[in-house]
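Have a look at protein.txt; it's compact mmCIF, C-alpha atoms:
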# COMPACT_ATOMS: atom_id res chain seq x y z
CA MET D 9 162.02 136.92 127.36
CA THR D 10 160.29 133.54 126.97
CA GLN D 11 159.51 131.88 130.28
CA ARG D 12 161.65 128.77 130.67
CA LYS D 13 160.57 125.53 132.25
CA PRO D 14 161.95 124.59 135.72
CA ILE D 15 165.46 123.14 135.69
CA GLU D 16 165.38 119.38 136.18
CA SER D 17 168.90 118.44 135.00
CA TRP D 18 172.30 120.09 135.32
CA LEU D 19 175.51 120.07 133.31
CA THR D 20 178.53 121.84 134.74
CA ASP D 21 182.07 122.47 133.59
CA MET D 22 184.78 121.31 135.98
CA ASP D 23 187.85 123.60 135.84
CA GLY D 24 186.96 127.14 136.83
CA VAL D 25 183.55 126.11 138.17
CA LEU D 26 184.03 123.28 140.67
CA MET D 27 187.78 123.72 141.09
CA HIS D 28 190.47 126.25 140.26
CA GLU D 29 194.14 125.24 139.98
CA GLY D 30 193.45 122.05 141.92
CA ILE D 31 191.56 123.75 144.76
CA PRO D 32 187.78 123.36 145.18
CA VAL D 33 185.74 126.52 144.62
CA PRO D 34 183.82 127.45 147.80
CA GLY D 35 180.28 126.11 147.46
CA ALA D 36 181.17 123.37 144.97
CA ASP D 37 180.88 120.63 147.60
CA ALA D 38 177.47 121.94 148.69
CA PHE D 39 176.28 122.09 145.07
CA ILE D 40 177.33 118.50 144.32
CA LYS D 41 175.87 117.28 147.63
CA LYS D 42 172.54 118.97 146.88
CA LEU D 43 172.44 117.46 143.40
CA ARG D 44 173.06 113.96 144.71
CA GLU D 45 170.51 114.33 147.52
CA SER D 46 167.88 115.62 145.09
CA SER D 47 168.48 112.71 142.67
CA ARG D 48 168.40 115.18 139.79
CA PRO D 49 170.31 113.97 136.70
CA PHE D 50 173.65 115.75 136.32
CA LEU D 51 177.01 115.52 134.59
CA VAL D 52 180.36 117.21 135.17
CA LEU D 53 181.86 118.08 131.77
CA THR D 54 185.42 118.66 130.67
CA ASN D 55 187.05 119.24 127.30
CA ASN D 56 190.22 117.61 128.66
CA SER D 57 190.60 114.13 127.12
CA ILE D 58 193.66 113.02 129.13
CA TYR D 59 191.89 111.29 131.99
CA THR D 60 189.25 108.59 132.22
CA ALA D 61 186.07 109.31 134.16
CA ARG D 62 187.37 107.02 136.91
CA ASP D 63 190.63 109.02 137.08
CA LEU D 64 188.68 112.27 137.39
CA HIS D 65 186.43 110.80 140.05
CA ALA D 66 189.54 110.03 142.11
CA ARG D 67 191.07 113.49 141.50
CA LEU D 68 187.86 115.25 142.54
CA ASN D 69 187.42 112.98 145.53
CA ARG D 70 190.88 113.93 146.81
CA ILE D 71 189.80 117.57 147.08
CA GLY D 72 186.49 116.74 148.75
CA LEU D 73 184.15 116.64 145.75
CA ASP D 74 182.30 113.34 145.57
CA VAL D 75 181.33 112.96 141.91
CA PRO D 76 180.68 109.36 140.76
CA ALA D 77 182.50 108.30 137.59
CA GLU D 78 179.17 107.81 135.80
CA ASN D 79 178.44 111.51 136.36
CA ILE D 80 181.54 112.66 134.47
CA TRP D 81 181.49 113.32 130.71
CA THR D 82 184.71 114.10 128.86
CA SER D 83 185.48 115.12 125.30
CA ALA D 84 187.09 111.68 124.92
CA LEU D 85 183.81 109.95 125.83
CA ALA D 86 181.90 112.29 123.53
CA THR D 87 184.35 111.52 120.69
CA ALA D 88 184.02 107.76 121.20
CA SER D 89 180.22 108.08 121.28
CA PHE D 90 180.24 110.15 118.09
CA LEU D 91 182.46 107.66 116.23
CA ASP D 92 180.48 104.66 117.45
CA ASN D 93 177.37 106.29 116.03
CA GLN D 94 178.95 107.48 112.78
CA HIS D 95 181.27 104.60 111.96
CA PRO D 96 180.88 101.64 114.36
CA GLY D 97 183.78 99.23 114.75
CA GLY D 98 186.27 101.42 112.93
CA THR D 99 190.01 101.88 113.20
CA ALA D 100 191.99 104.90 114.35
CA TYR D 101 195.47 106.27 114.80
CA VAL D 102 195.36 108.15 118.10
CA ILE D 103 197.51 110.88 119.59
CA GLY D 104 196.37 111.13 123.18
CA GLU D 105 196.33 109.62 126.65
CA ALA D 106 194.43 106.88 128.48
CA GLY D 107 191.20 108.87 128.68
CA LEU D 108 190.91 108.82 124.89
CA THR D 109 192.34 105.39 124.11
CA THR D 110 190.21 103.72 126.81
CA ALA D 111 187.03 105.39 125.55
CA LEU D 112 187.75 104.27 121.98
CA HIS D 113 188.57 100.70 123.06
CA ASP D 114 185.33 100.57 125.03
CA ALA D 115 183.47 101.73 121.91
CA GLY D 116 184.92 98.80 119.95
CA TYR D 117 187.57 100.71 118.02
CA VAL D 118 190.88 99.16 116.95
CA LEU D 119 193.88 101.45 117.34
CA THR D 120 196.39 101.13 114.53
CA ASP D 121 198.85 103.12 112.44
CA SER D 122 198.17 101.00 109.37
CA ASP D 123 195.59 102.56 107.03
CA PRO D 124 193.19 103.75 109.78
CA ASP D 125 189.73 105.15 109.10
CA PHE D 126 190.47 108.14 111.33
CA VAL D 127 193.29 110.12 112.85
CA ILE D 128 192.12 111.26 116.27
CA LEU D 129 193.94 114.04 118.08
CA GLY D 130 193.48 114.51 121.81
CA GLU D 131 195.26 116.10 124.74
CA THR D 132 198.67 114.85 125.82
CA ARG D 133 201.69 116.24 127.62
CA THR D 134 204.05 114.37 125.26
CA TYR D 135 203.29 115.49 121.69
CA SER D 136 206.11 114.06 119.59
CA PHE D 137 207.45 115.06 116.18
CA GLU D 138 207.29 111.41 115.11
CA ALA D 139 203.62 111.01 116.07
CA LEU D 140 202.62 114.28 114.40
CA THR D 141 204.49 113.32 111.23
CA LYS D 142 202.70 109.96 111.19
CA ALA D 143 199.34 111.69 111.65
CA ILE D 144 200.04 114.12 108.80
CA ARG D 145 201.01 111.31 106.43
CA LEU D 146 197.95 109.22 107.34
CA ILE D 147 195.61 112.18 106.78
CA ASN D 148 197.28 112.89 103.45
CA GLY D 149 196.72 109.21 102.68
CA GLY D 150 192.97 109.48 103.21
CA ALA D 151 192.31 109.09 106.96
CA ARG D 152 189.63 111.44 108.26
CA PHE D 153 190.73 113.96 110.88
CA ILE D 154 188.93 114.23 114.25
CA ALA D 155 189.99 116.28 117.29
CA THR D 156 188.54 115.96 120.76
CA ASN D 157 188.29 119.71 121.41
CA PRO D 158 189.34 123.08 119.96
CA ASP D 159 190.99 124.54 123.09
CA ASN D 160 194.19 126.28 122.00
CA THR D 161 195.76 126.39 125.45
CA GLY D 162 195.42 124.68 128.80
CA PRO D 163 196.37 125.77 132.30
CA SER D 164 199.31 124.63 134.43
CA SER D 165 200.99 125.92 137.56
CA GLU D 166 203.82 127.30 135.37
CA GLY D 167 201.52 129.04 132.90
CA VAL D 168 199.61 128.16 129.74
CA LEU D 169 200.34 125.01 127.73
CA PRO D 170 199.63 124.36 124.05
CA ALA D 171 196.49 122.24 123.79
CA THR D 172 194.60 120.26 121.16
CA GLY D 173 193.47 123.23 119.08
CA SER D 174 197.02 124.52 118.64
CA VAL D 175 198.36 121.13 117.61
CA ALA D 176 195.39 120.60 115.28
CA ALA D 177 196.27 123.89 113.58
CA LEU D 178 199.79 122.58 112.93
CA ILE D 179 198.39 119.41 111.33
CA THR D 180 195.88 121.45 109.29
CA LYS D 181 198.68 123.69 108.02
CA ALA D 182 200.63 120.64 106.89
CA THR D 183 197.70 118.76 105.30
CA GLY D 184 195.16 121.39 104.29
CA LYS D 185 192.53 119.34 106.17
CA GLU D 186 190.44 120.84 108.98
CA PRO D 187 189.47 118.47 111.80
CA TYR D 188 185.97 117.90 113.11
CA PHE D 189 186.05 119.10 116.72
CA VAL D 190 183.72 117.12 118.99
CA GLY D 191 184.12 118.97 122.32
CA LYS D 192 182.70 122.30 123.48
CA PRO D 193 181.56 124.62 121.99
CA ASN D 194 180.16 121.99 119.61
CA PRO D 195 176.58 121.46 120.88
CA LEU D 196 177.02 117.81 119.94
CA MET D 197 178.93 117.28 123.19
CA MET D 198 176.04 118.78 125.12
CA ARG D 199 173.43 116.73 123.32
CA THR D 200 175.31 113.46 123.83
CA ALA D 201 175.70 114.41 127.50
CA LEU D 202 171.97 115.08 127.81
CA ASN D 203 171.18 111.78 126.07
CA THR D 204 173.48 109.97 128.50
CA ILE D 205 171.38 111.08 131.48
CA GLY D 206 168.03 111.01 129.67
CA ALA D 207 167.58 114.77 129.95
CA HIS D 208 165.94 117.35 127.68
CA SER D 209 167.50 120.69 126.79
CA GLU D 210 164.32 122.63 127.65
CA THR D 211 164.60 121.58 131.29
CA SER D 212 168.41 121.57 131.61
CA ALA D 213 171.05 124.13 132.54
CA MET D 214 174.74 124.50 131.78
CA ILE D 215 177.18 126.13 134.21
CA GLY D 216 180.54 127.34 132.91
CA ASP D 217 183.30 129.87 133.34
CA ARG D 218 183.90 130.57 129.63
CA MET D 219 181.66 132.46 127.25
CA ASP D 220 183.24 131.01 124.11
CA THR D 221 182.87 127.35 125.05
CA ASP D 222 180.55 126.63 127.99
CA VAL D 223 177.96 129.35 127.47
CA LEU D 224 178.03 129.10 123.67
CA ALA D 225 177.63 125.30 123.72
CA GLY D 226 174.78 125.46 126.21
CA LEU D 227 173.07 128.23 124.27
CA GLU D 228 173.31 126.38 120.95
CA ALA D 229 172.00 123.20 122.59
CA GLY D 230 168.92 125.12 123.76
CA MET D 231 169.76 125.09 127.47
CA GLU D 232 169.59 127.69 130.22
CA THR D 233 173.13 128.98 130.87
CA PHE D 234 174.92 130.30 133.95
CA LEU D 235 178.30 132.02 133.80
CA VAL D 236 180.38 131.90 136.99
CA LEU D 237 183.20 134.38 137.59
CA THR D 238 185.60 131.95 139.30
CA GLY D 239 187.44 130.97 136.13
CA LEU D 240 188.64 132.60 132.94
CA THR D 241 185.89 135.12 132.22
CA ALA D 242 185.54 138.43 134.04
CA LYS D 243 182.21 140.26 134.28
CA SER D 244 183.61 143.04 132.09
CA ASP D 245 184.27 140.48 129.31
CA VAL D 246 180.63 139.49 128.87
CA ASP D 247 179.57 142.47 126.77
CA ARG D 248 182.29 141.71 124.21
CA TYR D 249 180.26 138.74 122.96
CA PRO D 250 177.19 138.91 120.67
CA TYR D 251 175.30 136.52 122.96
CA ARG D 252 174.65 136.39 126.70
CA PRO D 253 174.22 133.75 129.38
CA THR D 254 170.86 133.48 131.09
CA LYS D 255 172.51 134.78 134.26
CA VAL D 256 175.95 135.80 135.54
CA VAL D 257 176.78 134.81 139.14
CA ASP D 258 179.85 135.18 141.31
CA SER D 259 180.31 131.44 141.86
CA ILE D 260 178.58 128.09 141.95
CA ALA D 261 177.70 128.81 145.59
CA ASP D 262 175.03 131.17 144.23
CA LEU D 263 173.30 128.29 142.44
CA VAL D 264 172.94 125.81 145.31
CA ASP D 265 169.43 127.01 146.16
CA LEU D 266 168.28 126.45 142.55
CA VAL D 267 168.81 122.69 142.78

Reformat the file's structure so that it appears as structure tokens.
Amino acid sequence: MTQRKPIESWLTDMDGVLMHEGIPVPGADAFIKKLRESSRPFLVLTNNSIYTARDLHARLNRIGLDVPAENIWTSALATASFLDNQHPGGTAYVIGEAGLTTALHDAGYVLTDSDPDFVILGETRTYSFEALTKAIRLINGGARFIATNPDNTGPSSEGVLPATGSVAALITKATGKEPYFVGKPNPLMMRTALNTIGAHSETSAMIGDRMDTDVLAGLEAGMETFLVLTGLTAKSDVDRYPYRPTKVVDSIADLVDLV
């Protein structure tokens, strides 16, 4: 195996790595503390587009994880960055929450349901038949279809919830148009994250709990990858995939000494 350069920057998933069902994973506080003390560039990533970075900072802070808002990168922020680069100052019809609408406003986008350039689908707990119908008609009318992430389900205390990928499939079935998914495993999200902190993939690592999103995205972005077993993937699942992480560890506590 090719010898990699020392890790100078870190990207880490949030759910399943730093926290699980609202409870911090043992060692997560020590990992974040070590990162901040070392002054190494880092970002906490999430495919969830519901919350703003400031919201997530507050949520993490409440469970004892002190992550500044500027060190949080969401699929909503990645989507806004992508659109600002591809089509600056555009218009969009948005199905989503404050995390997505705020990011688009900050990128200079106008939100409208009148002949928008894009229909943008994000995460929400209140998908409505009316909003989905509007989105379908606008896409059929020529609006381009973007989705923040391809996750089919999301977790809740009651069980799984339908997420962006599932709702995107409904819209695709009705329109015949596939969306462009910005979030993981699209390496675009990783590259925009690395650009945000001025990091290079050759000297960066990605920590995640999912082979099909976190590890795949990090691998395709050219990063070192660590799979933790505190989330959705069990050790026995790893061999089912045609690719492997750089290393499998029990939890983020095992990575503190690498910072």

Could you list as a count of residues only every residue that has an atom within 12 Å of (181.3, 110.5, 120.5), using the file's coordinates and counting all atoms listed in the file? 42

From the set D:Leu119, D:Ala66, D:Leu53, D:Val33, which residue has the shortest atom-to-atom contact distance to Gly226 (chain D), counting only C-alpha atoms? D:Leu53

Using all atoms listed in the file, the residue out of D:Leu237, D:Met219, D:Met231, D:Asn69 with shortest distance to Arg252 (chain D) is D:Met219

In terms of the shortest atom-to-atom distance over only C-alpha atoms, which of D:Glu131, D:Asp37, D:Asp121, D:Glu166 is closest to Leu146 (chain D)? D:Asp121

Go ahead and find all residues with at least one atom no further than 12 Å from (191.1, 129.9, 132.6) in the file's coordinates, using all atoms listed in the file; report them as an MDAnalysis selection string. chainID D and resid 21:25 27:29 159:165 167:169 216:222 236:242

Quick one: of D:Gly97, D:Pro193, D:Pro253, D:Pro158, who's nearest to Gly173 (chain D), counting only C-alpha atoms? D:Pro158

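Ranking D:Pro124, D:Gly116, D:Gly98, D:Pro34 by their shortest atom-to-atom distance to Ile71 (chain D), with all atoms listed in the file included, puts D:Pro34 first.
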
Extract, using all atoms listed in the file, all DNA, RNA and protein residues at most 9 Å from region 132-141 of chain D, discarding same-chain residues fewer than 4 positions from it, and format them as JSON, numbers by chain. {"D": [57, 58, 102, 103, 104, 105, 145, 146, 169, 171, 172, 175, 178, 179]}

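Between CA of Leu227 (chain D) and CA of Tyr249 (chain D) there is a distance of 12.8 Å.
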
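CA of Gly30 (chain D) sits 25.1 Å away from CA of Pro49 (chain D).
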
Residue with the minimum atom-to-atom distance to Ala61 (chain D), picked from D:Val267, D:Ala106, D:Leu19, D:Leu73 with only C-alpha atoms counted, is D:Ala106

Straight-line distance linking CA of Glu78 (chain D) with CA of Thr110 (chain D), stated in Å to one decimal: 14.8 Å

Excluding region 14-16 of chain D and any residue of its chain fewer than 3 positions from it, enumerate the residues within 9 Å of it, using all atoms listed in the file, and give them as a ChimeraX atom specification. /D:48-49,207-208,210-213,232,266-267

I need the residues from that last selection saved to file as a compact mmCIF listing (two decimals), keeping the file's coordinate frame (with C-alpha atoms), if you can.
# COMPACT_ATOMS: atom_id res chain seq x y z
CA ARG D 48 168.40 115.18 139.79
CA PRO D 49 170.31 113.97 136.70
CA ALA D 207 167.58 114.77 129.95
CA HIS D 208 165.94 117.35 127.68
CA GLU D 210 164.32 122.63 127.65
CA THR D 211 164.60 121.58 131.29
CA SER D 212 168.41 121.57 131.61
CA ALA D 213 171.05 124.13 132.54
CA GLU D 232 169.59 127.69 130.22
CA LEU D 266 168.28 126.45 142.55
CA VAL D 267 168.81 122.69 142.78

Compile the contact shell of Phe153 (chain D) as a ChimeraX atom specification: residues with an atom at most 6 Å away, counting all atoms listed in the file, same-chain residues fewer than 5 positions apart removed. /D:126-127,187

Enclose region 189-203 of chain D, meaning all of its atoms listed in the file, in a box aligned along x, y and z, pad it by 5 Å on each side, and list the centre and edge lengths in Å to one decimal, as lines of an AutoDock Vina configuration file.
center_x = 178.6
center_y = 118.2
center_z = 122.3
size_x = 24.9
size_y = 22.8
size_z = 21.1
